[in-house]
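As stored in upload15.cif (mmCIF, C-alpha atoms):
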data_entry
#
loop_
_atom_site.label_atom_id
_atom_site.label_comp_id
_atom_site.auth_asym_id
_atom_site.auth_seq_id
_atom_site.Cartn_x
_atom_site.Cartn_y
_atom_site.Cartn_z
CA MET J 13 -36.03 -73.98 39.33
CA GLN J 14 -39.48 -75.33 40.13
CA ASN J 15 -42.29 -72.80 39.78
CA THR J 16 -43.32 -73.69 43.34
CA THR J 17 -39.97 -72.44 44.66
CA ALA J 18 -40.41 -69.10 42.94
CA LYS J 19 -44.01 -68.80 44.08
CA LYS J 20 -43.08 -69.54 47.70
CA SER J 21 -40.36 -66.92 47.55
CA PHE J 22 -42.77 -64.42 46.01
CA LEU J 23 -45.45 -65.11 48.61
CA LYS J 24 -42.97 -64.39 51.43
CA LEU J 25 -42.02 -61.14 49.71
CA LYS J 26 -45.66 -60.19 49.12
CA LEU J 27 -46.58 -60.78 52.75
CA PHE J 28 -43.66 -58.64 53.91
CA CYS J 29 -44.54 -55.73 51.60
CA GLU J 30 -48.21 -55.80 52.52
CA SER J 31 -47.34 -55.94 56.22
CA GLN J 32 -45.40 -52.69 55.75
CA ASP J 33 -48.23 -51.05 53.75
CA PHE J 34 -45.61 -50.64 50.99
CA LYS J 35 -43.74 -48.06 53.09
CA GLY J 36 -40.02 -48.27 53.63
CA TRP J 37 -36.57 -46.78 53.38
CA ASP J 38 -34.58 -46.03 50.22
CA PRO J 39 -30.84 -46.04 49.45
CA TYR J 40 -31.05 -42.30 48.70
CA ASP J 41 -33.34 -41.04 51.47
CA GLY J 42 -30.64 -39.86 53.88
CA LEU J 43 -31.65 -36.22 53.50
CA ASN J 44 -35.01 -37.07 55.09
CA SER J 45 -33.10 -37.34 58.36
CA LYS J 46 -34.57 -35.14 61.09
CA LEU J 47 -31.10 -34.89 62.62
CA PHE J 48 -29.55 -33.64 59.37
CA ASN J 49 -32.34 -31.11 58.80
CA LYS J 50 -31.82 -29.63 62.28
CA THR J 51 -28.28 -28.64 61.25
CA PRO J 52 -28.56 -25.61 58.88
CA PHE J 53 -24.86 -25.56 58.00
CA LEU J 54 -24.97 -29.15 56.74
CA LYS J 55 -28.34 -28.75 55.06
CA LYS J 56 -27.10 -25.82 52.93
CA SER J 57 -23.82 -27.47 51.88
CA ARG J 58 -23.78 -29.35 48.54
CA PHE J 59 -20.77 -31.37 49.70
CA ALA J 60 -22.42 -32.26 53.02
CA ARG J 61 -25.64 -33.34 51.28
CA LEU J 62 -23.74 -35.52 48.83
CA ALA J 63 -21.54 -37.04 51.55
CA TRP J 64 -24.53 -37.70 53.84
CA ILE J 65 -26.44 -39.53 51.09
CA GLN J 66 -23.41 -41.60 50.15
CA LEU J 67 -22.78 -42.49 53.81
CA PHE J 68 -26.32 -43.81 54.19
CA LYS J 69 -26.19 -45.58 50.82
CA ARG J 70 -22.83 -47.31 51.27
CA LEU J 71 -22.86 -48.31 54.94
CA PRO J 72 -24.16 -51.84 55.57
CA VAL J 73 -25.40 -50.58 58.94
CA ASN J 74 -28.77 -48.81 58.82
CA LEU J 75 -28.45 -45.35 60.38
CA ARG J 76 -32.03 -44.34 59.57
CA PRO J 77 -33.75 -45.37 62.81
CA ILE J 78 -31.30 -43.39 64.95
CA THR J 79 -31.16 -40.28 62.72
CA GLY J 80 -34.89 -39.85 62.24
CA VAL J 81 -35.58 -41.17 58.73
CA ASP J 82 -39.16 -42.43 58.66
CA LYS J 83 -40.51 -45.21 56.45
CA THR J 84 -42.65 -43.59 53.75
CA HIS J 85 -44.28 -44.30 50.40
CA ASN J 86 -42.09 -43.84 47.34
CA PRO J 87 -44.23 -43.05 44.25
CA LYS J 88 -42.06 -45.04 41.85
CA GLY J 89 -42.13 -47.98 44.22
CA LEU J 90 -45.92 -47.75 44.35
CA GLY J 91 -45.96 -47.78 40.55
CA LEU J 92 -43.91 -50.97 40.45
CA PHE J 93 -46.21 -52.61 42.98
CA LEU J 94 -49.23 -51.53 40.92
CA ILE J 95 -47.86 -53.13 37.75
CA GLY J 96 -47.17 -56.26 39.78
CA TYR J 97 -50.72 -56.48 41.11
CA CYS J 98 -52.10 -55.85 37.62
CA ASN J 99 -50.05 -58.81 36.35
CA LEU J 100 -51.29 -60.96 39.22
CA TYR J 101 -54.90 -59.96 38.58
CA LYS J 102 -54.60 -60.87 34.91
CA THR J 103 -53.27 -64.26 35.99
CA GLU J 104 -55.60 -65.05 38.91
CA LYS J 105 -58.54 -62.57 38.87
CA LYS J 106 -58.62 -62.45 42.68
CA GLU J 107 -60.68 -59.79 44.42
CA ALA J 108 -57.79 -59.18 46.85
CA HIS J 109 -55.58 -58.13 43.94
CA LEU J 110 -58.25 -55.72 42.68
CA ILE J 111 -58.51 -54.15 46.13
CA GLN J 112 -54.74 -53.54 46.17
CA ILE J 113 -54.88 -52.15 42.63
CA ASN J 114 -57.45 -49.52 43.60
CA ASN J 115 -55.58 -48.70 46.81
CA LEU J 116 -52.35 -48.09 44.89
CA ILE J 117 -54.15 -46.05 42.21
CA ASN J 118 -55.55 -43.75 44.89
CA LEU J 119 -52.13 -43.26 46.47
CA LEU J 120 -50.50 -42.45 43.14
CA LEU J 121 -53.18 -39.98 42.07
CA GLU J 122 -52.72 -38.19 45.41
CA LYS J 123 -48.94 -38.00 45.01
CA GLN J 124 -48.73 -36.14 41.71
CA ALA J 125 -46.24 -33.27 41.62
CA LYS J 126 -47.91 -29.86 41.30
CA GLY J 127 -47.16 -26.89 39.04
CA TYR J 128 -46.10 -28.58 35.80
CA SER J 129 -47.59 -28.79 32.30
CA GLY J 130 -48.93 -32.28 32.86
CA ALA J 131 -49.27 -35.11 35.35
CA CYS J 132 -45.89 -36.22 36.74
CA TRP J 133 -44.27 -37.75 39.81
CA GLY J 134 -41.02 -37.52 41.75
CA TYR J 135 -39.36 -39.07 44.79
CA ASN J 136 -40.18 -38.69 48.46
CA PHE J 137 -36.80 -37.25 49.44
CA ASP J 138 -34.35 -34.48 48.60
CA TRP J 139 -31.62 -35.83 46.37
CA GLN J 140 -28.12 -34.48 45.82
CA ALA J 141 -26.35 -35.97 42.80
CA ARG J 142 -22.95 -34.99 41.44
CA ALA J 143 -24.61 -33.20 38.56
CA PHE J 144 -27.55 -31.45 40.31
CA PHE J 145 -29.76 -31.09 43.39
CA GLN J 146 -33.40 -32.14 43.36
CA PRO J 147 -35.82 -31.15 46.14
CA LYS J 148 -38.36 -33.67 47.38
CA ASN J 149 -41.25 -34.30 44.96
CA THR J 150 -39.44 -32.80 41.96
CA PRO J 151 -40.84 -34.83 39.07
CA THR J 152 -38.51 -37.05 37.06
CA VAL J 153 -38.95 -38.76 33.73
CA VAL J 154 -37.99 -42.09 35.34
CA ALA J 155 -40.62 -42.05 38.10
CA THR J 156 -43.23 -40.65 35.71
CA SER J 157 -42.51 -43.35 33.15
CA PHE J 158 -43.01 -46.29 35.50
CA ILE J 159 -46.06 -44.74 37.13
CA THR J 160 -47.66 -43.94 33.75
CA GLU J 161 -47.18 -47.54 32.65
CA ALA J 162 -48.73 -48.70 35.92
CA LEU J 163 -51.76 -46.42 35.54
CA ILE J 164 -52.27 -47.55 31.94
CA GLU J 165 -52.27 -51.20 33.07
CA ALA J 166 -54.65 -50.33 35.90
CA TYR J 167 -56.95 -48.40 33.57
CA HIS J 168 -57.35 -51.42 31.28
CA ILE J 169 -58.50 -53.42 34.33
CA THR J 170 -60.62 -50.88 36.22
CA LYS J 171 -61.75 -48.44 33.47
CA ARG J 172 -61.57 -45.66 36.09
CA LYS J 173 -62.19 -42.26 34.47
CA ASP J 174 -59.93 -40.44 36.93
CA ILE J 175 -56.98 -42.46 35.60
CA LEU J 176 -57.79 -41.51 32.01
CA GLU J 177 -58.08 -37.84 32.93
CA THR J 178 -54.67 -38.01 34.60
CA LEU J 179 -53.02 -39.81 31.70
CA LYS J 180 -54.22 -37.21 29.19
CA SER J 181 -51.66 -34.67 30.35
CA VAL J 182 -48.59 -36.83 31.02
CA GLY J 183 -47.31 -36.28 27.48
CA LEU J 184 -47.19 -32.52 28.11
CA PHE J 185 -44.78 -33.03 30.99
CA ILE J 186 -42.52 -35.19 28.82
CA THR J 187 -42.56 -32.91 25.77
CA LYS J 188 -42.74 -29.47 27.43
CA ASP J 189 -41.14 -29.54 30.89
CA LEU J 190 -38.03 -31.67 30.44
CA ASN J 191 -34.91 -30.02 29.03
CA LYS J 192 -33.49 -31.15 25.69
CA THR J 193 -29.88 -31.63 24.63
CA PHE J 194 -29.44 -31.60 20.84
CA ASP J 195 -26.80 -33.20 18.65
CA ASP J 196 -25.57 -31.87 15.31
CA LYS J 197 -28.37 -33.75 13.49
CA ASN J 198 -31.11 -31.99 15.47
CA ASN J 199 -31.89 -35.16 17.40
CA PHE J 200 -32.03 -34.83 21.18
CA THR J 201 -32.35 -36.52 24.54
CA LEU J 202 -34.20 -35.46 27.67
CA SER J 203 -33.07 -34.32 31.08
CA TYR J 204 -33.80 -36.36 34.18
CA SER J 205 -36.00 -33.62 35.65
CA PRO J 206 -37.00 -30.03 34.77
CA LEU J 207 -34.15 -28.80 36.99
CA ASP J 208 -31.14 -30.36 35.22
CA HIS J 209 -29.57 -30.64 31.77
CA THR J 210 -28.05 -34.11 32.01
CA GLN J 211 -27.99 -36.46 29.02
CA VAL J 212 -28.67 -39.81 30.67
CA PHE J 213 -29.55 -42.18 27.84
CA ASN J 214 -32.06 -44.33 29.69
CA ALA J 215 -33.89 -41.19 30.87
CA GLY J 216 -34.52 -40.10 27.29
CA LEU J 217 -35.63 -43.58 26.30
CA LEU J 218 -37.98 -43.88 29.28
CA GLY J 219 -39.59 -40.69 27.97
CA VAL J 220 -39.94 -42.49 24.63
CA LYS J 221 -41.53 -45.52 26.27
CA THR J 222 -44.02 -43.30 28.09
CA LEU J 223 -45.12 -41.49 24.94
CA CYS J 224 -45.37 -44.75 23.03
CA LEU J 225 -47.54 -46.36 25.71
CA LEU J 226 -49.81 -43.31 25.65
CA TYR J 227 -50.07 -43.29 21.85
CA PRO J 228 -52.59 -46.18 21.44
CA ILE J 229 -54.95 -44.41 23.86
CA PHE J 230 -54.74 -40.81 22.65
CA LYS J 231 -53.38 -41.16 19.07
CA GLU J 232 -51.14 -38.09 19.34
CA GLU J 233 -48.90 -38.36 16.26
CA GLU J 234 -46.51 -35.84 17.81
CA TYR J 235 -45.58 -38.47 20.40
CA LEU J 236 -44.07 -40.79 17.78
CA ALA J 237 -42.22 -38.03 15.91
CA PHE J 238 -40.82 -36.73 19.22
CA SER J 239 -39.78 -40.26 20.20
CA LYS J 240 -37.99 -40.89 16.90
CA LYS J 241 -35.63 -37.97 17.60
CA ILE J 242 -34.66 -39.37 21.00
CA VAL J 243 -34.25 -42.93 19.71
CA GLN J 244 -31.89 -41.75 16.98
CA TYR J 245 -29.87 -39.69 19.47
CA VAL J 246 -29.39 -42.66 21.81
CA VAL J 247 -28.72 -45.19 19.05
CA ASP J 248 -25.98 -42.90 17.72
CA LYS J 249 -24.32 -43.12 21.15
CA GLN J 250 -24.27 -46.93 21.15
CA GLN J 251 -20.74 -48.35 21.18
CA GLU J 252 -19.48 -50.81 18.57
CA THR J 253 -19.78 -53.60 21.13
CA GLY J 254 -23.50 -52.90 21.54
CA ALA J 255 -23.05 -51.26 24.97
CA TRP J 256 -24.11 -47.84 26.19
CA ALA J 257 -22.37 -45.76 28.83
CA TYR J 258 -24.73 -44.30 31.42
CA SER J 259 -24.57 -40.81 29.86
CA ASN J 260 -22.42 -38.34 27.93
CA LEU J 261 -20.83 -36.87 31.06
CA PRO J 262 -17.19 -37.83 31.68
CA TYR J 263 -17.96 -39.19 35.18
CA HIS J 264 -20.91 -41.24 33.84
CA GLN J 265 -18.94 -43.58 31.60
CA TRP J 266 -19.67 -46.82 33.40
CA ILE J 267 -21.67 -49.60 31.71
CA ASP J 268 -24.22 -51.38 33.91
CA SER J 269 -26.80 -54.10 33.49
CA PHE J 270 -30.14 -52.68 34.52
CA HIS J 271 -29.82 -49.39 32.62
CA THR J 272 -28.82 -51.41 29.57
CA GLY J 273 -31.98 -53.44 30.18
CA TYR J 274 -34.04 -50.22 30.32
CA ASN J 275 -32.58 -49.11 26.99
CA LEU J 276 -33.43 -52.38 25.26
CA GLU J 277 -36.94 -52.49 26.69
CA CYS J 278 -37.66 -48.91 25.61
CA LEU J 279 -36.28 -49.38 22.09
CA HIS J 280 -38.37 -52.53 21.72
CA THR J 281 -41.50 -50.67 22.90
CA TYR J 282 -40.87 -47.85 20.41
CA GLN J 283 -40.44 -50.33 17.58
CA HIS J 284 -43.52 -52.36 18.53
CA ILE J 285 -45.89 -49.39 18.83
CA SER J 286 -44.55 -47.13 16.07
CA GLY J 287 -43.99 -49.91 13.53
CA ASP J 288 -40.55 -48.42 12.82
CA THR J 289 -38.28 -51.47 12.60
CA SER J 290 -35.17 -49.61 11.42
CA TYR J 291 -33.42 -50.10 14.78
CA GLN J 292 -33.65 -53.89 15.00
CA ASN J 293 -29.93 -54.35 14.37
CA GLU J 294 -29.09 -52.02 17.26
CA ILE J 295 -31.51 -53.85 19.54
CA ASP J 296 -29.99 -57.21 18.57
CA LEU J 297 -26.46 -55.91 19.08
CA GLY J 298 -27.39 -54.42 22.46
CA PHE J 299 -29.12 -57.59 23.58
CA ASP J 300 -26.14 -59.76 22.61
CA TYR J 301 -23.92 -57.52 24.72
CA TYR J 302 -26.40 -57.61 27.59
CA ILE J 303 -26.86 -61.38 27.73
CA ASN J 304 -23.14 -62.11 27.32
CA ASN J 305 -21.64 -59.62 29.77
CA PHE J 306 -23.80 -59.25 32.86
CA PHE J 307 -24.35 -62.78 34.14
CA THR J 308 -22.15 -65.56 35.49
CA THR J 309 -22.64 -69.25 34.78
CA ASP J 310 -23.77 -69.89 38.37
CA GLY J 311 -26.55 -67.30 38.24
CA LYS J 312 -25.00 -64.10 39.62
CA SER J 313 -26.37 -60.92 38.01
CA LYS J 314 -23.52 -58.45 37.66
CA TYR J 315 -24.08 -54.74 38.23
CA TYR J 316 -21.19 -53.70 35.96
CA ASN J 317 -19.87 -55.21 32.76
CA ASN J 318 -16.29 -55.58 34.00
CA LYS J 319 -16.59 -56.94 37.55
CA THR J 320 -18.81 -59.34 39.48
CA TYR J 321 -19.35 -57.37 42.68
CA PRO J 322 -21.40 -55.66 43.97
CA ILE J 323 -24.42 -57.74 43.01
CA ASP J 324 -27.30 -55.27 43.16
CA ILE J 325 -30.87 -56.59 43.50
CA HIS J 326 -31.94 -54.29 40.66
CA ALA J 327 -29.93 -56.39 38.19
CA PRO J 328 -31.72 -59.77 38.48
CA ALA J 329 -35.08 -58.01 38.69
CA GLN J 330 -34.57 -56.04 35.48
CA PHE J 331 -33.12 -59.15 33.80
CA ILE J 332 -36.48 -60.91 34.15
CA VAL J 333 -38.39 -57.83 33.00
CA THR J 334 -36.14 -57.21 30.00
CA LEU J 335 -36.48 -60.79 28.80
CA TYR J 336 -40.24 -60.71 29.28
CA LYS J 337 -40.67 -57.39 27.46
CA LEU J 338 -38.49 -58.54 24.55
CA GLY J 339 -40.40 -61.83 24.29
CA LYS J 340 -37.34 -63.89 25.29
CA LEU J 341 -38.25 -65.19 28.73
CA GLN J 342 -39.04 -68.71 27.58
CA GLU J 343 -36.06 -68.85 25.22
CA TYR J 344 -33.71 -68.03 28.11
CA SER J 345 -35.64 -69.96 30.78
CA ASN J 346 -32.52 -71.83 31.95
CA GLU J 347 -30.65 -68.58 32.53
CA VAL J 348 -33.67 -67.03 34.26
CA ASN J 349 -34.02 -69.99 36.59
CA GLN J 350 -30.31 -69.91 37.42
CA VAL J 351 -30.51 -66.21 38.23
CA LEU J 352 -33.66 -66.57 40.32
CA THR J 353 -32.30 -69.58 42.21
CA TRP J 354 -29.07 -67.78 43.09
CA THR J 355 -30.88 -64.56 44.02
CA ILE J 356 -33.45 -66.27 46.25
CA THR J 357 -30.78 -68.41 47.94
CA ASN J 358 -28.29 -65.61 48.53
CA MET J 359 -30.31 -62.38 48.74
CA GLN J 360 -33.67 -63.16 50.34
CA ASP J 361 -34.01 -62.85 54.10
CA LYS J 362 -36.04 -65.39 56.10
CA LYS J 363 -38.49 -62.52 56.79
CA GLY J 364 -39.27 -62.37 53.07
CA TYR J 365 -37.53 -59.19 51.97
CA PHE J 366 -34.56 -59.01 49.59
CA TYR J 367 -31.20 -57.47 50.37
CA TYR J 368 -29.95 -54.35 48.60
CA GLN J 369 -26.46 -55.48 47.56
CA LYS J 370 -24.27 -58.51 48.03
CA ARG J 371 -20.62 -57.51 48.10
CA LYS J 372 -17.51 -59.65 48.07
CA PHE J 373 -16.76 -59.19 51.76
CA LEU J 374 -19.50 -57.09 53.40
CA SER J 375 -23.10 -57.00 52.15
CA SER J 376 -25.89 -54.48 52.67
CA LYS J 377 -28.99 -56.27 53.96
CA ILE J 378 -31.15 -53.19 54.61
CA PRO J 379 -34.73 -53.90 53.39
CA TYR J 380 -35.15 -50.99 50.96
CA MET J 381 -38.75 -50.88 49.76
CA ARG J 382 -38.48 -49.18 46.36
CA TRP J 383 -35.03 -50.32 45.27
CA ALA J 384 -35.29 -53.96 46.34
CA GLN J 385 -38.78 -55.12 47.34
CA ALA J 386 -40.79 -53.25 44.70
CA TRP J 387 -38.38 -54.33 41.97
CA MET J 388 -38.42 -57.99 42.91
CA PHE J 389 -42.23 -57.90 43.31
CA TYR J 390 -42.47 -56.35 39.83
CA ALA J 391 -40.09 -58.94 38.34
CA PHE J 392 -41.74 -61.91 40.03
CA SER J 393 -45.12 -60.81 38.66
CA TYR J 394 -43.81 -61.15 35.09
CA TYR J 395 -42.20 -64.49 35.86
CA ILE J 396 -45.45 -65.81 37.34
CA LYS J 397 -47.50 -64.36 34.48
CA SER J 398 -45.22 -66.02 31.94
CA ASN J 399 -45.35 -69.40 33.67
CA SER J 400 -49.05 -69.49 34.56
#
Before anything else, please render the file you have as structure tokens.
Amino acid sequence: MQNTTAKKSFLKLKLFCESQDFKGWDPYDGLNSKLFNKTPFLKKSRFARLAWIQLFKRLPVNLRPITGVDKTHNPKGLGLFLIGYCNLYKTEKKEAHLIQINNLINLLLEKQAKGYSGACWGYNFDWQARAFFQPKNTPTVVATSFITEALIEAYHITKRKDILETLKSVGLFITKDLNKTFDDKNNFTLSYSPLDHTQVFNAGLLGVKTLCLLYPIFKEEEYLAFSKKIVQYVVDKQQETGAWAYSNLPYHQWIDSFHTGYNLECLHTYQHISGDTSYQNEIDLGFDYYINNFFTTDGKSKYYNNKTYPIDIHAPAQFIVTLYKLGKLQEYSNEVNQVLTWTITNMQDKKGYFYYQKRKFLSSKIPYMRWAQAWMFYAFSYYIKSNS
């Protein structure tokens, strides 16, 4: 692919996102429906909440406009946009990028969750999963991880003291507020939020990445010792093939591309910052599985290891990020260009936004802001940075 093709695609996406002020819908925001919330019986039912979310997520038809789901800011999405603009500013040093950086910083500082040990962020909707229910704005390790990385990148550019003051306490949320699940070696992983006790492997590792990114700024030795326990827990769960299931739970045994990418990125970050290289073999084994099982020769990015469809926009986006973070983007430039070419050709609308999922027979073309647009913006920014 020519760099000009990618840049044209990115510019169309950028113009769309800016025209929306970074507000939009989300695959999981069905419970923001005014219609649903006017029906107490449904609102109080776990089954109804789960079914309503899945209906909105799976239907290719967008029910949100007719059921009263407004377009809003998603904090994690804002974090991804902020990292993207930081990458663009490092590449081009444009005043317009700096203006967006400060705008996004202000929004994120306003949207912190309240009442926890440290700074943290959640999602802008109630969320019913199979394992637990999370009210709107409940902080998660995933949202907090991406937003912390974004604020660190923004701090290096702006030197804003309010960012530094916020970052000082993030580690307390990770180490104090999230629940721990221990193995028989006294290693552990972290829950997704303070309200659950799940053992999602990428959630624990995103906590590791957060603490490791904070370490060079604050030099808290506890962060590295804490991280080592989580890394060992997750590495012990790696399969002989190099793959990881999503979690320990029996209904979480699927293997997917972008969570595998998270795991590799986080392990690499831990190794790079801590200097502990004892997990290189596991990283290599995991990367071999990743690169050989989630992509087709014509550039499709597979969601799951064992089937081609659905093709979820998260997968090609995280592919670019994983390769960049592991220092492999140039080595696998042919594969990256194939993936980007296919994704732009098949999943970008003429209005600039990217579709959520391409399925074998019926695709979902709803322009989700966090899940699709923010992720592709984030990925493109690394691609452009690498090729500038």
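Listed by chain and then by number, the residues chosen by the PyMOL selection byres ((chain J and resi 330) around 8) in this file are Phe270, Gly273, Tyr274, His326, Ala327, Pro328, Ala329, Phe331, Ile332, Val333, Thr334, Trp387 and Ala391 of chain J.
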Quick one: apply the PyMOL selection byres ((chain J and resi 377) around 6) to the file and drop the selected residues here as a compact mmCIF listing (two decimals) with C-alpha atoms, in the coordinates of the input.
# COMPACT_ATOMS: atom_id res chain seq x y z
CA TYR J 367 -31.20 -57.47 50.37
CA TYR J 368 -29.95 -54.35 48.60
CA SER J 376 -25.89 -54.48 52.67
CA ILE J 378 -31.15 -53.19 54.61
Determine the nearest neighbour of J:Gln385 from the options J:Thr357, J:Gln32, J:Asn275, J:Thr152, counting only C-alpha atoms.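 Once distances to J:Gln385 are computed over only C-alpha atoms, the minimum belongs to J:Gln32.
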Just say which residues the PyMOL selection byres ((chain J and resi 272) around 8) picks in this file, as a PDB file with C-alpha atoms, in the frame of the given file.
ATOM      1  CA  ASN J 214     -32.060 -44.330  29.690  1.00  0.00           C
ATOM      2  CA  ALA J 255     -23.050 -51.260  24.970  1.00  0.00           C
ATOM      3  CA  TRP J 256     -24.110 -47.840  26.190  1.00  0.00           C
ATOM      4  CA  ILE J 267     -21.670 -49.600  31.710  1.00  0.00           C
ATOM      5  CA  ASP J 268     -24.220 -51.380  33.910  1.00  0.00           C
ATOM      6  CA  SER J 269     -26.800 -54.100  33.490  1.00  0.00           C
ATOM      7  CA  PHE J 270     -30.140 -52.680  34.520  1.00  0.00           C
ATOM      8  CA  HIS J 271     -29.820 -49.390  32.620  1.00  0.00           C
ATOM      9  CA  GLY J 273     -31.980 -53.440  30.180  1.00  0.00           C
ATOM     10  CA  TYR J 274     -34.040 -50.220  30.320  1.00  0.00           C
ATOM     11  CA  ASN J 275     -32.580 -49.110  26.990  1.00  0.00           C
ATOM     12  CA  LEU J 276     -33.430 -52.380  25.260  1.00  0.00           C
ATOM     13  CA  GLY J 298     -27.390 -54.420  22.460  1.00  0.00           C
ATOM     14  CA  TYR J 302     -26.400 -57.610  27.590  1.00  0.00           C
TER      15      TYR J 302
END
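Atom CA of J:Ala257 sits 22.8 Å away from atom CA of J:Gln146.
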What is the distance between atom CA of J:Thr308 and atom CA of J:Ser375, in Å to one decimal?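 Atom CA of J:Thr308 sits 18.8 Å away from atom CA of J:Ser375.
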Can you list every residue of stretch 17-38 of chain J that has an atom at most 6 Å from stretch 76-96 of chain J, with its nearest atom pair and the distance in Å to one decimal, using all atoms listed in the file, ordered by chain then number, as JSON lines?
{"residue": "J:Lys35", "atom": "CA", "partner": "J:Thr84", "partner_atom": "CA", "distance": 4.6}
{"residue": "J:Gly36", "atom": "CA", "partner": "J:Lys83", "partner_atom": "CA", "distance": 4.2}
{"residue": "J:Trp37", "atom": "CA", "partner": "J:Lys83", "partner_atom": "CA", "distance": 5.2}
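If you look at atom CA of J:Gln360 and atom CA of J:Tyr321, they are 17.2 Å away from each other.
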Show which residues sit within 12 Å of J:Pro206, as a PyMOL selection string. Count only C-alpha atoms, and ignore same-chain residues fewer than 6 positions away. chain J and resi 125+127-129+132-134+144-147+149-153+185-192
Selected residue, from J:Lys240, J:Trp266, J:Leu202, J:Lys126, that lies nearest to J:Tyr315 when counting all atoms listed in the file: J:Trp266
Give me, as a PDB file with C-alpha atoms, keeping the file's coordinate frame, all polymer residues having an atom no more than 12 Å from J:Asn118, counting all atoms listed in the file and skipping those fewer than 2 positions away in the same chain.
ATOM      1  CA  PRO J  87     -44.230 -43.050  44.250  1.00  0.00           C
ATOM      2  CA  LEU J  90     -45.920 -47.750  44.350  1.00  0.00           C
ATOM      3  CA  GLY J  91     -45.960 -47.780  40.550  1.00  0.00           C
ATOM      4  CA  LEU J  94     -49.230 -51.530  40.920  1.00  0.00           C
ATOM      5  CA  ILE J 111     -58.510 -54.150  46.130  1.00  0.00           C
ATOM      6  CA  GLN J 112     -54.740 -53.540  46.170  1.00  0.00           C
ATOM      7  CA  ILE J 113     -54.880 -52.150  42.630  1.00  0.00           C
ATOM      8  CA  ASN J 114     -57.450 -49.520  43.600  1.00  0.00           C
ATOM      9  CA  ASN J 115     -55.580 -48.700  46.810  1.00  0.00           C
ATOM     10  CA  LEU J 116     -52.350 -48.090  44.890  1.00  0.00           C
ATOM     11  CA  LEU J 120     -50.500 -42.450  43.140  1.00  0.00           C
ATOM     12  CA  LEU J 121     -53.180 -39.980  42.070  1.00  0.00           C
ATOM     13  CA  GLU J 122     -52.720 -38.190  45.410  1.00  0.00           C
ATOM     14  CA  LYS J 123     -48.940 -38.000  45.010  1.00  0.00           C
ATOM     15  CA  GLN J 124     -48.730 -36.140  41.710  1.00  0.00           C
ATOM     16  CA  LEU J 163     -51.760 -46.420  35.540  1.00  0.00           C
ATOM     17  CA  ALA J 166     -54.650 -50.330  35.900  1.00  0.00           C
ATOM     18  CA  ARG J 172     -61.570 -45.660  36.090  1.00  0.00           C
ATOM     19  CA  ASP J 174     -59.930 -40.440  36.930  1.00  0.00           C
ATOM     20  CA  ILE J 175     -56.980 -42.460  35.600  1.00  0.00           C
ATOM     21  CA  THR J 178     -54.670 -38.010  34.600  1.00  0.00           C
TER      22      THR J 178
END
When you get a chance, write out N, CA, C and O atoms for stretch 332-340 of chain J, as a PDB file, in the coordinates of the input.
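Wrote rebuild.pdb, looks like this:
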ATOM      1  N   ILE J 332     -35.214 -60.213  34.411  1.00  0.00           N
ATOM      2  CA  ILE J 332     -36.480 -60.910  34.150  1.00  0.00           C
ATOM      3  C   ILE J 332     -37.412 -60.030  33.329  1.00  0.00           C
ATOM      4  O   ILE J 332     -38.033 -60.480  32.365  1.00  0.00           O
ATOM      5  N   VAL J 333     -37.495 -58.754  33.706  1.00  0.00           N
ATOM      6  CA  VAL J 333     -38.390 -57.830  33.000  1.00  0.00           C
ATOM      7  C   VAL J 333     -37.941 -57.625  31.558  1.00  0.00           C
ATOM      8  O   VAL J 333     -38.757 -57.655  30.628  1.00  0.00           O
ATOM      9  N   THR J 334     -36.648 -57.422  31.362  1.00  0.00           N
ATOM     10  CA  THR J 334     -36.140 -57.210  30.000  1.00  0.00           C
ATOM     11  C   THR J 334     -36.461 -58.401  29.110  1.00  0.00           C
ATOM     12  O   THR J 334     -36.944 -58.238  27.982  1.00  0.00           O
ATOM     13  N   LEU J 335     -36.195 -59.601  29.604  1.00  0.00           N
ATOM     14  CA  LEU J 335     -36.480 -60.790  28.800  1.00  0.00           C
ATOM     15  C   LEU J 335     -37.969 -60.926  28.515  1.00  0.00           C
ATOM     16  O   LEU J 335     -38.362 -61.277  27.398  1.00  0.00           O
ATOM     17  N   TYR J 336     -38.796 -60.627  29.508  1.00  0.00           N
ATOM     18  CA  TYR J 336     -40.240 -60.710  29.280  1.00  0.00           C
ATOM     19  C   TYR J 336     -40.674 -59.694  28.224  1.00  0.00           C
ATOM     20  O   TYR J 336     -41.410 -60.034  27.283  1.00  0.00           O
ATOM     21  N   LYS J 337     -40.229 -58.447  28.368  1.00  0.00           N
ATOM     22  CA  LYS J 337     -40.670 -57.390  27.460  1.00  0.00           C
ATOM     23  C   LYS J 337     -40.190 -57.631  26.027  1.00  0.00           C
ATOM     24  O   LYS J 337     -40.862 -57.263  25.068  1.00  0.00           O
ATOM     25  N   LEU J 338     -39.017 -58.259  25.883  1.00  0.00           N
ATOM     26  CA  LEU J 338     -38.490 -58.540  24.550  1.00  0.00           C
ATOM     27  C   LEU J 338     -38.985 -59.881  23.989  1.00  0.00           C
ATOM     28  O   LEU J 338     -38.584 -60.291  22.897  1.00  0.00           O
ATOM     29  N   GLY J 339     -39.857 -60.552  24.745  1.00  0.00           N
ATOM     30  CA  GLY J 339     -40.400 -61.830  24.290  1.00  0.00           C
ATOM     31  C   GLY J 339     -39.396 -62.966  24.311  1.00  0.00           C
ATOM     32  O   GLY J 339     -39.497 -63.921  23.538  1.00  0.00           O
ATOM     33  N   LYS J 340     -38.422 -62.903  25.246  1.00  0.00           N
ATOM     34  CA  LYS J 340     -37.340 -63.890  25.290  1.00  0.00           C
ATOM     35  C   LYS J 340     -37.292 -64.676  26.595  1.00  0.00           C
ATOM     36  O   LYS J 340     -36.338 -65.401  26.841  1.00  0.00           O
TER      37      LYS J 340
END
